[in-house]
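Undergrad: Pasting a structure here, questions to come.
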There are 2 protein chains.
Amino acid sequence: MNKTDMQGFFADLSTLDKEKYILVDYYFESLAEPYETATHLCEEMSTIQWHRVGIEEDFRPEFGAKAVALTNVRKIDQPSSPFLARHMGWKGGSVHACEVKIAYPYMNFGTDIPNLLTAFCGEGVMHAPSICAIRWLDIQFPESFLNAFQGPQFGVQGLRELLDVYERPFFFGVIKPNIGLQPKDYAQIAYEAWLGGLDVAMDDELVADAYWSRLEERSMLLGELRRKAEAQTGKKKMFQANITAEVDRLAELHDLAVANGANAVMLNSMTTGLSAVRVLRKRATVPLVSHFDLYGAMTQIPFHGVREKVFIKLQRMAGFDAILFSGFDARMKSSREDVLENTKACLEPLGNLKPALPIPAGSQWAGSLPELYQALGTIDFAIVPGRGVFEHPQGPEGGARSLHQGWEAVMQRVPLEQYALSHEELRLAIAARKGG
Amino acid sequence: MNKTDMQGFFADLSTLDKEKYILVDYYFESLAEPYETATHLCEEMSTIQWHRVGIEEDFRPEFGAKAVALTNVRKIDQPSSPFLARHMGWKGGSVHACEVKIAYPYMNFGTDIPNLLTAFCGEGVMHAPSICAIRWLDIQFPESFLNAFQGPQFGVQGLRELLDVYERPFFFGVIKPNIGLQPKDYAQIAYEAWLGGLDVAMDDELVADAYWSRLEERSMLLGELRRKAEAQTGKKKMFQANITAEVDRLAELHDLAVANGANAVMLNSMTTGLSAVRVLRKRATVPLVSHFDLYGAMTQIPFHGVREKVFIKLQRMAGFDAILFSGFDARMKSSREDVLENTKACLEPLGNLKPALPIPAGSQWAGSLPELYQALGTIDFAIVPGRGVFEHPQGPEGGARSLHQGWEAVMQRVPLEQYALSHEELRLAIAARKGG
């Protein structure tokens, strides 16, 4: 491509009709000069051959992706992935690195999720010439695009109303043992956790509709005990049924679970497919909760793939009311900054879409609450322990109580250990955590 | 976990009922000793809390994932991702590395794709404790599992019959210009390529159903000209329509495209969702062709994510008759070994499922044929140029001719340059490639 051709894939953002463009940000490393590389990236993402042979025409003004900013252009001592760089011809030495913002005319494809993902993380992006590392950092949408999306049906405020929980975070718990426990016994431990103060008992991401725990029976039993727990405690409770399945069963499983007493449904969002979730959203009558799956394979390497916040935004747009993502625990492999960015992606304004409840997950227990609250700076989140509730030495009821006590300590600005002196369940939770 | 507990997640493969287990292979790097790490991985993937508090029970024998082989156990000088390792507490120095084979009782979830991906690439795997790099290398299925899948409806042999092409590779071409060209002009260049000898004209992965090229009009025009080209050449031709869209439109778009004359449909397999593809397969009446999208973000880093062959197998099982994947071109970022493994994953025995046509893609032209044929060692593949056909100096007809000439040279064991002396289209293709 000569210099004049390259200019066809650059633009001054202020001259573009903003309602026609999605803005996407990438970090990339390149063996070639960044300006040139960015033009190749833009052509691969859009109209790579912009005229027919022998015909004077130019599809770039209307259909071309356009680089609108190259920032932080620099050289780095060596490529982040020497393997990929060598494969592309690197012989050693420094490589180029930069961030690029690209304006993409979204009517190239429309307003559906599969084509959006193809455009921004498909062959064009992941296999652009000269690029030996690339990470999709962010995405911003015009109102005209967001208007095509329903987003959360309930959102944070809706969940507060459904659960009558206003002045604290939500207490979710993933029912454990997960795989293997019969529905009757499984419902019983959820019930005990509800009695102890859990708001939401949810199926683990691996507990779907299998021979050892049919969704029909499980949702029936959990629905019954949920209502019983509500009657006994005078509090509203929620059972989130995992309906992950082949996509032609989602509507049927949603309807079945809800009819039986599940008052929320959970899906593994990426393995099921965001598009299928968006379709389910049209008929859903209860909150949709996402579990993060598959995308760890895309998000964890800091110079590669996709930043988690991009998927958070897309999940919110697809219609999830609450979004689990990798939280602060070391094994979650998320930076603190990413956890905060993900939380923001749930809560910040996004067209007319409601906020989704952020759920930074991972090996939580009562003692995670001080850190979560301090880091997130809001009560609009959920804590989601599994064993932190269900493996509590006193069982699930004590485990759920320990969550409330942990939160009371936070509110009273009392160190956990001190509050535990007069609160048995919290004391036992701390002891268990220490392997005591 | 103590040593006895760890043993619950290990097994001797020869003692297991093979029809009940899927075998998955991972490479991992770990801050802890590999045996212990493998048990954590197995528990995270399956029944992480295998008994209720205070109750004697053990779900591991029936439901536990079981490590059956730890191989190539070693120490490496430093972690492949120092970033992830540091995040998990690494202070410098060597880390453990190994491959592990895990037997997974698939009735934990059943036979659907979303739960399979959740089990093998979900939170459990991507966020297992102590693991600072993990790559899903391979998967093997028992017959009982594969029997739940339809696989390709036509397969390689079916495609040969549909196109009446038996003694050579298939010549596919991605119609370019892709984005922006009106259906009438777009159909015309496909027609010219068919006249020149192209077997299959296919939509680019970014050409879906958008305002500037509605699938209805495009498939109608391409369908007409396909039949005209067949009548003129006496050869069978194929138009592959890209029907990628929100998943509730796939059936409608398939039916529309086929009624209008498309005789194959293409989908961006991962962005649409493999589950949605498997559902579409039930009603599809024409071959399904996959385009690789999104998974570059999972496959490219050699110590991380998922090896491409895993997705190839799953795409074949979901029902694709032909599978595009990243081929030999440097920008495709695939090792030679991976391209060969992907080809094998398309063609090798897989239960009773038909072979799928392998299509190693990426910036191809006539001159790619010698390398492809030599490397793959079979004629059961397709070449899939874009600009290599449609930007040929003589236009698409000459471009398609150059493919046939390239193949004739291979068959006659004549160097391309020599064959080009008496074959104008090939000569021009070579010159164009050299920027001449």
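Naming scheme: A, B, ... for chains in displayed order of the structure tokens; residues 1 onward per chain; ligands 1 onward as shown.
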Set the distance at 9 Å and use only C-alpha atoms: which residues neighbour range 222-236 of chain A once local chain neighbours fewer than 5 positions away are removed? I'd like the list as a VMD selection string.
TA: chain A and resid 162 to 165 183 to 184 186 to 188 190 to 192 194 to 195 197 199 217 257 to 258 260 to 263
Undergrad: May I have the residues within 10 Å of Met266 in chain B as a CSV table (one decimal) with C-alpha atoms, in the first residue's frame, using only C-alpha atoms and disregarding those fewer than 3 positions away in the same chain?
TA:
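part.csv written:
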chain,number,residue,atom,x,y,z
B,202,MET,CA,-17.9,-17.5,-1.0
B,203,ASP,CA,-18.9,-14.4,1.0
B,204,ASP,CA,-16.2,-12.8,3.1
B,205,GLU,CA,-16.6,-13.3,6.8
B,208,ALA,CA,-23.5,-10.7,6.2
B,239,PHE,CA,-22.2,-20.1,-3.9
B,240,GLN,CA,-21.6,-20.0,-0.2
B,241,ALA,CA,-23.7,-17.4,1.5
B,242,ASN,CA,-22.5,-15.9,4.8
B,243,ILE,CA,-25.6,-16.1,7.1
B,244,THR,CA,-23.9,-15.0,10.3
B,254,HIS,CA,-30.5,-20.3,5.8
B,269,SER,CA,-18.5,-20.3,14.1
B,287,PRO,CA,-23.2,-27.8,3.3
B,288,LEU,CA,-22.2,-25.7,6.3
B,289,VAL,CA,-18.8,-23.9,6.1
B,290,SER,CA,-17.1,-22.3,9.1
B,291,HIS,CA,-15.0,-19.3,9.2
B,320,PHE,CA,-19.5,-28.2,9.5
B,322,ALA,CA,-15.8,-27.5,5.5
B,323,ILE,CA,-13.6,-25.7,8.0
Undergrad: Asp329 in chain B: which residues within 12 Å, counting only C-alpha atoms, same-chain residues fewer than 3 positions away excluded, as a list in words?
TA: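 Within the cut-off, the hits are His87, Met88, Gly89, His127, Ala128, Pro129 and Ser130 of chain A; Phe325, Ser326, Met332, Lys333, Ser334, Ser335, Arg336, Val339, Pro360, Ala361, Gly362, Ser363, Gln364, Trp365, Ser368, Glu371, Leu372 and Pro385 of chain B.
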Undergrad: Can you work out which one of B:Gln394, B:Ser219, B:Gln157, B:Ser213 has the shortest atom-to-atom distance to Ile179 in chain B, counting only C-alpha atoms?
TA: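 Residue with the minimum atom-to-atom distance to Ile179 in chain B: B:Ser213.
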Undergrad: Have a look at B:Gly351, B:Gly377, B:Gly8, B:Gly395 and name the one nearest to Phe149 in chain B; count only C-alpha atoms.
TA: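 Residue with the minimum atom-to-atom distance to Phe149 in chain B: B:Gly351.
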Undergrad: Near range 141-147 of chain B, counting only C-alpha atoms, which residues have an atom at most 7 Å away, once you skip same-chain residues fewer than 6 positions from it, shown as a ChimeraX atom specification?
TA: /B:18-19,21-23,111,351
Undergrad: Would you please give, as a compact mmCIF listing (two decimals) with C-alpha atoms, in the first residue's frame, all residues of range 139-386 of chain A that DSSP assigns to helix (DSSP H, G or I) based on the backbone?
TA:
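That gives us selection33.txt:
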# COMPACT_ATOMS: atom_id res chain seq x y z
CA GLU A 143 -26.61 5.90 21.01
CA SER A 144 -28.02 4.76 17.69
CA PHE A 145 -26.28 1.42 18.14
CA LEU A 146 -27.14 0.97 21.80
CA GLY A 155 -30.67 -4.03 36.64
CA VAL A 156 -29.28 -3.18 40.05
CA GLN A 157 -32.36 -1.27 41.19
CA GLY A 158 -34.67 -4.01 39.98
CA LEU A 159 -32.69 -6.64 41.86
CA ARG A 160 -32.88 -4.50 45.01
CA GLU A 161 -36.64 -4.30 44.65
CA LEU A 162 -37.02 -8.02 43.99
CA LEU A 163 -34.94 -8.87 47.05
CA PRO A 183 -31.51 -32.34 44.29
CA LYS A 184 -33.22 -33.10 47.59
CA ASP A 185 -30.05 -32.68 49.64
CA TYR A 186 -28.88 -29.84 47.46
CA ALA A 187 -32.11 -27.92 48.07
CA GLN A 188 -31.77 -28.53 51.78
CA ILE A 189 -28.38 -26.84 52.06
CA ALA A 190 -29.58 -23.90 49.98
CA TYR A 191 -32.52 -23.62 52.37
CA GLU A 192 -30.20 -23.59 55.36
CA ALA A 193 -28.12 -20.85 53.77
CA TRP A 194 -31.27 -18.80 53.13
CA LEU A 195 -32.25 -19.20 56.76
CA GLY A 196 -28.81 -17.92 57.72
CA LEU A 215 -33.37 -29.09 36.30
CA GLU A 216 -37.04 -29.98 36.59
CA GLU A 217 -36.67 -31.65 39.96
CA ARG A 218 -34.02 -29.28 41.23
CA SER A 219 -35.95 -26.10 40.44
CA MET A 220 -39.11 -27.61 41.93
CA LEU A 221 -37.42 -28.47 45.22
CA LEU A 222 -35.45 -25.24 45.43
CA GLY A 223 -38.56 -23.26 44.56
CA GLU A 224 -40.50 -24.86 47.39
CA LEU A 225 -37.79 -24.33 49.95
CA ARG A 226 -37.20 -20.80 48.76
CA ARG A 227 -40.82 -19.95 49.52
CA LYS A 228 -40.57 -21.74 52.85
CA ALA A 229 -37.44 -19.78 53.76
CA GLU A 230 -39.17 -16.55 52.76
CA ALA A 231 -42.12 -17.39 55.01
CA GLN A 232 -39.87 -18.28 57.91
CA THR A 233 -37.52 -15.34 57.67
CA VAL A 247 -29.23 -23.11 22.63
CA ASP A 248 -32.47 -24.55 21.29
CA ARG A 249 -33.31 -25.61 24.85
CA LEU A 250 -32.78 -22.27 26.57
CA ALA A 251 -36.35 -21.00 26.24
CA GLU A 252 -37.78 -24.32 27.42
CA LEU A 253 -35.41 -24.52 30.38
CA HIS A 254 -36.04 -20.91 31.34
CA ASP A 255 -39.79 -21.47 31.32
CA LEU A 256 -39.51 -24.74 33.23
CA ALA A 257 -37.21 -23.34 35.91
CA VAL A 258 -39.33 -20.25 36.40
CA ALA A 259 -42.59 -22.19 36.50
CA ASN A 260 -41.04 -24.38 39.19
CA SER A 269 -22.34 -16.50 28.74
CA MET A 270 -19.54 -17.12 26.27
CA THR A 271 -19.84 -20.88 25.95
CA THR A 272 -23.57 -20.54 25.34
CA LEU A 274 -23.85 -13.91 23.76
CA SER A 275 -26.19 -13.93 20.81
CA ALA A 276 -28.27 -16.75 22.27
CA VAL A 277 -28.45 -14.82 25.54
CA ARG A 278 -29.67 -11.73 23.74
CA VAL A 279 -32.38 -13.82 22.12
CA LEU A 280 -33.40 -15.35 25.46
CA ARG A 281 -33.60 -11.87 26.97
CA GLY A 296 -10.26 -16.41 30.50
CA ALA A 297 -8.56 -17.95 27.48
CA MET A 298 -8.87 -14.54 25.80
CA THR A 299 -8.40 -12.08 28.65
CA GLU A 308 -12.39 -8.38 30.16
CA LYS A 309 -14.27 -5.07 30.32
CA VAL A 310 -15.14 -5.42 26.65
CA PHE A 311 -16.99 -8.64 27.43
CA ILE A 312 -18.61 -7.03 30.46
CA LYS A 313 -20.10 -4.31 28.27
CA LEU A 314 -21.32 -6.82 25.71
CA GLN A 315 -22.87 -9.02 28.40
CA ARG A 316 -24.72 -6.04 29.82
CA MET A 317 -25.97 -5.11 26.36
CA ALA A 318 -27.07 -8.69 25.71
CA ALA A 330 -4.77 -14.29 43.09
CA ARG A 331 -5.99 -17.33 41.18
CA MET A 332 -8.41 -15.09 39.25
CA ARG A 336 -6.81 -4.71 40.51
CA GLU A 337 -7.27 -2.12 37.80
CA ASP A 338 -9.17 -4.61 35.65
CA VAL A 339 -11.53 -5.55 38.49
CA LEU A 340 -12.30 -1.86 38.95
CA GLU A 341 -12.74 -1.31 35.22
CA ASN A 342 -15.09 -4.29 35.04
CA THR A 343 -17.14 -2.91 37.90
CA LYS A 344 -17.34 0.42 36.13
CA ALA A 345 -18.40 -1.28 32.90
CA CYS A 346 -21.37 -2.73 34.78
CA LEU A 347 -22.41 0.48 36.47
CA ALA A 366 -16.98 -13.13 54.94
CA GLY A 367 -13.48 -11.74 55.19
CA SER A 368 -13.54 -10.63 51.55
CA LEU A 369 -16.12 -7.95 52.28
CA PRO A 370 -13.84 -5.24 53.71
CA GLU A 371 -11.52 -5.42 50.70
CA LEU A 372 -14.39 -5.54 48.21
CA TYR A 373 -16.19 -2.56 49.71
CA GLN A 374 -13.06 -0.51 50.05
CA ALA A 375 -11.86 -1.28 46.54
CA LEU A 376 -15.16 -0.87 44.73
Undergrad: Counting only C-alpha atoms, which residue out of B:Phe171, B:Trp50, B:Phe28, B:Tyr419 sits closest to chain A?
TA: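 Between B:Phe171, B:Trp50, B:Phe28, B:Tyr419, the residue approaching chain A most closely is B:Trp50.
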